[in-house]
Amino acid sequence: MKRKLTVMIFIAAVSLATGCGQQTEQPAEDPARAAYTAFRDAYLDAGTKAEQVALVERFVTEHPTNRYAGYYVVDIISYYDDLGEPEAAYQIVQPVLAAADDPEARFNIGMALAPVAADLGKPLDLEPLIADLEAEEALGFYQRLSVMDAAAKTGAWELEERHADEILSRATPQAYRADYPDREFSDDEVAARVANRKVYALTHKGWSAFNQGREDEAMALFIEADGLTDKNYVGLTGTPLETYWGNALWLQGDSERALEKLAPEVVFGDSDSAEPILRQAYAVAHGGEEGYSNYLETTRRELAPTVDDFTLLDYEGNEVSLSEVRGSSVMLLAFWFPT
């Protein structure tokens with residue numbers, strides 16, 4: 001009751017002050033922020049990918065100068081790529097890039113659009129986009145990773161190598177902690193994350209070196225990266241290492257070793273990038289593509305490890321072990337965590 005009375009007194013005091021000529025203005029909502037908020041809410045409520053892409057297209061077309069536009073154009077590019085219509089994506093996104101004036105938005109849009117533009121014979125010059133952002137802030141790891149990815153897909157080998165070297169120069173525990181001054185990490189956590197950054201950098205440096213004719217150096221870099229990897233349950237690194245390494249082996253004419261690197265990536269990882277190369281390597285090694293589908297299925301069965309038994313609680317708090325339900329019916333395991 002006292003709290004309610006205090007609030008009422010405060011409101012009355014404000015009203016009195018207003019009546020006495022002391023006008024209190026409410027800060028106007030930032031139009032750019034309001035536009036983004038309305039778009040984001042509709043985007044999250046959309047029922048299909050097509051609906052989301054339509055919302056993104058309208059948002060980035062109507063608000064190309066909104067800094068958030070750069071984060072969503074990838075939806076347009078990937079959607080039309082799946083439809084086999086990259087020209088449609090280019091026609092939508094290129095005017096957004098031309099109109100954008102925020103350095104971060106231009107950077108993100110340019111890195112996403114560059115591979116599409118290159119495939120269409122309309123290459124983008126990435127250097128000005130990078131320079132404009134660097135004039136505002138030092139590039140972080142993920143921004144340099146975006147540069148390396150775009151450079152690898154567009155054949156900008158010197159650009160890819162330069163940013164790989166920049167990451168390697170900062171792949172230290174001290175630099176990693178400096179990137180996150182407000183967070184606490186154990187030494188083991190920092191060591192693992194620094195190693196992961198090195199894997200990405202060594203992989204891209206190796207691929208750029210290979211494409212610049214330094215094949216022996218490239219293989220040494222791939223081997224070094226492989227020695228630092230923390231592989232997941234099915235033996236993948238979650239990086240482009242296997243794809244680039246396998247591609248390099250294929251280009252050297254070593255089809256058998258290319259198959260060893262690429263097959264796990266195709267059946268469990270980034271199949272879009274690795275599959276075309278694997279298919280070619282398989283055809284050379286086996287005299288054609290006959291049996292390719294069976295080869296993938298056999299590889300999947302060989303590589304898939306048996307899941308160790310474990311026990312978890314169901315929604316009613318009852319313990320359920322994997323061994324109790326395995327083999328009895330189709331089972332879906334959904335692992336989630338609260339944010």
# chains A, B, ... in the order shown; residues from 1 in each chain; ligands from 1
>>> residues_around(residues="Asp75 of chain A", least_positions_apart="4", cutoff="9 Å", atoms="only C-alpha atoms", output="PDB file with all heavy atoms, in the first residue's frame")
ATOM      1  N   LYS A  49      10.339 -20.289 -44.646  1.00  0.00           N
ATOM      2  CA  LYS A  49      11.539 -19.592 -45.082  1.00  0.00           C
ATOM      3  C   LYS A  49      11.210 -18.576 -46.161  1.00  0.00           C
ATOM      4  O   LYS A  49      11.775 -17.475 -46.189  1.00  0.00           O
ATOM      5  CB  LYS A  49      12.562 -20.603 -45.613  1.00  0.00           C
ATOM      6  CG  LYS A  49      13.930 -19.999 -45.899  1.00  0.00           C
ATOM      7  CD  LYS A  49      14.566 -19.493 -44.622  1.00  0.00           C
ATOM      8  CE  LYS A  49      15.953 -18.917 -44.868  1.00  0.00           C
ATOM      9  NZ  LYS A  49      16.561 -18.386 -43.629  1.00  0.00           N
ATOM     10  N   GLN A  52      10.008 -15.483 -44.561  1.00  0.00           N
ATOM     11  CA  GLN A  52      11.116 -14.750 -43.956  1.00  0.00           C
ATOM     12  C   GLN A  52      11.911 -13.987 -45.011  1.00  0.00           C
ATOM     13  O   GLN A  52      12.271 -12.820 -44.816  1.00  0.00           O
ATOM     14  CB  GLN A  52      12.030 -15.715 -43.198  1.00  0.00           C
ATOM     15  CG  GLN A  52      11.453 -16.235 -41.900  1.00  0.00           C
ATOM     16  CD  GLN A  52      12.436 -17.092 -41.136  1.00  0.00           C
ATOM     17  OE1 GLN A  52      13.235 -17.825 -41.730  1.00  0.00           O
ATOM     18  NE2 GLN A  52      12.401 -17.003 -39.819  1.00  0.00           N
ATOM     19  N   VAL A  53      12.201 -14.644 -46.129  1.00  0.00           N
ATOM     20  CA  VAL A  53      12.978 -14.006 -47.187  1.00  0.00           C
ATOM     21  C   VAL A  53      12.224 -12.814 -47.764  1.00  0.00           C
ATOM     22  O   VAL A  53      12.824 -11.763 -48.056  1.00  0.00           O
ATOM     23  CB  VAL A  53      13.333 -15.021 -48.286  1.00  0.00           C
ATOM     24  CG1 VAL A  53      13.950 -14.321 -49.496  1.00  0.00           C
ATOM     25  CG2 VAL A  53      14.294 -16.075 -47.746  1.00  0.00           C
ATOM     26  N   VAL A  56      12.708 -10.046 -45.357  1.00  0.00           N
ATOM     27  CA  VAL A  56      14.074  -9.522 -45.447  1.00  0.00           C
ATOM     28  C   VAL A  56      14.212  -8.636 -46.677  1.00  0.00           C
ATOM     29  O   VAL A  56      14.777  -7.536 -46.618  1.00  0.00           O
ATOM     30  CB  VAL A  56      15.099 -10.672 -45.505  1.00  0.00           C
ATOM     31  CG1 VAL A  56      16.491 -10.118 -45.801  1.00  0.00           C
ATOM     32  CG2 VAL A  56      15.115 -11.446 -44.195  1.00  0.00           C
ATOM     33  N   TYR A  71      23.076  -8.025 -41.792  1.00  0.00           N
ATOM     34  CA  TYR A  71      23.055  -9.324 -41.140  1.00  0.00           C
ATOM     35  C   TYR A  71      22.047 -10.279 -41.775  1.00  0.00           C
ATOM     36  O   TYR A  71      22.086 -11.476 -41.523  1.00  0.00           O
ATOM     37  CB  TYR A  71      22.731  -9.175 -39.651  1.00  0.00           C
ATOM     38  CG  TYR A  71      23.803  -8.456 -38.874  1.00  0.00           C
ATOM     39  CD1 TYR A  71      23.620  -7.148 -38.429  1.00  0.00           C
ATOM     40  CD2 TYR A  71      25.017  -9.078 -38.590  1.00  0.00           C
ATOM     41  CE1 TYR A  71      24.607  -6.481 -37.726  1.00  0.00           C
ATOM     42  CE2 TYR A  71      26.015  -8.412 -37.884  1.00  0.00           C
ATOM     43  CZ  TYR A  71      25.796  -7.116 -37.454  1.00  0.00           C
ATOM     44  OH  TYR A  71      26.772  -6.455 -36.758  1.00  0.00           O
ATOM     45  N   TYR A  79      18.722 -18.428 -50.049  1.00  0.00           N
ATOM     46  CA  TYR A  79      17.421 -18.876 -50.533  1.00  0.00           C
ATOM     47  C   TYR A  79      17.420 -19.000 -52.055  1.00  0.00           C
ATOM     48  O   TYR A  79      17.007 -20.026 -52.612  1.00  0.00           O
ATOM     49  CB  TYR A  79      16.343 -17.889 -50.080  1.00  0.00           C
ATOM     50  CG  TYR A  79      14.942 -18.224 -50.550  1.00  0.00           C
ATOM     51  CD1 TYR A  79      14.219 -19.247 -49.954  1.00  0.00           C
ATOM     52  CD2 TYR A  79      14.342 -17.497 -51.574  1.00  0.00           C
ATOM     53  CE1 TYR A  79      12.926 -19.547 -50.374  1.00  0.00           C
ATOM     54  CE2 TYR A  79      13.055 -17.790 -52.000  1.00  0.00           C
ATOM     55  CZ  TYR A  79      12.350 -18.820 -51.392  1.00  0.00           C
ATOM     56  OH  TYR A  79      11.089 -19.118 -51.809  1.00  0.00           O
ATOM     57  N   TYR A  80      17.901 -17.964 -52.734  1.00  0.00           N
ATOM     58  CA  TYR A  80      17.909 -18.006 -54.195  1.00  0.00           C
ATOM     59  C   TYR A  80      18.986 -18.942 -54.731  1.00  0.00           C
ATOM     60  O   TYR A  80      18.852 -19.476 -55.845  1.00  0.00           O
ATOM     61  CB  TYR A  80      18.057 -16.593 -54.763  1.00  0.00           C
ATOM     62  CG  TYR A  80      16.775 -15.810 -54.688  1.00  0.00           C
ATOM     63  CD1 TYR A  80      16.581 -14.830 -53.724  1.00  0.00           C
ATOM     64  CD2 TYR A  80      15.726 -16.070 -55.579  1.00  0.00           C
ATOM     65  CE1 TYR A  80      15.387 -14.121 -53.644  1.00  0.00           C
ATOM     66  CE2 TYR A  80      14.531 -15.371 -55.502  1.00  0.00           C
ATOM     67  CZ  TYR A  80      14.369 -14.401 -54.529  1.00  0.00           C
ATOM     68  OH  TYR A  80      13.178 -13.704 -54.454  1.00  0.00           O
TER      69      TYR A  80
END
>>> residues_around(residues="segment 263-266 of chain A", least_positions_apart="2", cutoff="8 Å", atoms="only C-alpha atoms", output="ChimeraX atom specification")
/A:235-236,242-243,259-261,268-272,274-275,278,296,299-300,303
>>> select_by_dssp(residues="segment 105-268 of chain A", states="helix (DSSP H, G or I)", output="ChimeraX atom specification")
/A:105-119,126-136,141-154,157-169,173-179,187-211,215-228,241-251,255-268
>>> closest_residue(among="A:Glu290, A:Glu137, A:Asp119, A:Glu166", to="Lys153 of chain A", atoms="only C-alpha atoms")
A:Asp119
>>> residues_around(residues="Met111 of chain A", least_positions_apart="4", cutoff="8 Å", atoms="only C-alpha atoms", output="VMD selection string")
chain A and resid 107 115 126 146 to 147 150
>>> write_last_selection(atoms="C-alpha atoms", output="compact mmCIF listing (two decimals), in the first residue's frame")
# COMPACT_ATOMS: atom_id res chain seq x y z
CA PHE A 107 31.15 -4.95 -44.96
CA PRO A 115 30.86 -15.12 -54.09
CA LEU A 126 36.41 -6.15 -51.23
CA SER A 146 34.30 -13.54 -43.13
CA VAL A 147 37.02 -11.96 -45.26
CA ALA A 150 34.80 -14.54 -49.18
>>> atom_distance(atom1="atom CA of Val60 of chain A", atom2="atom CA of Ala32 of chain A")
11.7 Å
>>> atom_distance(atom1="atom CA of Asn108 of chain A", atom2="atom CA of Gln91 of chain A")
16.9 Å
>>> atom_distance(atom1="atom CA of Tyr90 of chain A", atom2="atom CA of Gly47 of chain A")
24.9 Å
>>> residues_around(residues="Arg326 of chain A", least_positions_apart="4", cutoff="12 Å", atoms="only C-alpha atoms", output="list in words")
Thr306, Val307, Asp308, Asp309, Phe310, Val320, Ser321, Leu322, Val330, Met331, Leu332 and Leu333 of chain A
>>> residues_around(residues="Glu256 of chain A", least_positions_apart="3", cutoff="9 Å", atoms="only C-alpha atoms", output="list in words")
Leu249, Trp250, Gly253, Leu259, Glu260, Ala281, Tyr282 and Ala285 of chain A
>>> write_last_selection(atoms="C-alpha atoms", output="JSON list (two decimals), in the first residue's frame")
[["chain", "number", "residue", "atom", "x", "y", "z"],
["A", 249, "LEU", "CA", 44.78, -33.70, -52.85],
["A", 250, "TRP", "CA", 42.26, -34.11, -55.66],
["A", 253, "GLY", "CA", 45.78, -36.30, -58.59],
["A", 259, "LEU", "CA", 38.21, -39.54, -50.73],
["A", 260, "GLU", "CA", 39.47, -40.12, -47.17],
["A", 281, "ALA", "CA", 37.31, -38.08, -56.99],
["A", 282, "TYR", "CA", 35.05, -41.13, -56.69],
["A", 285, "ALA", "CA", 39.02, -43.79, -58.45]]
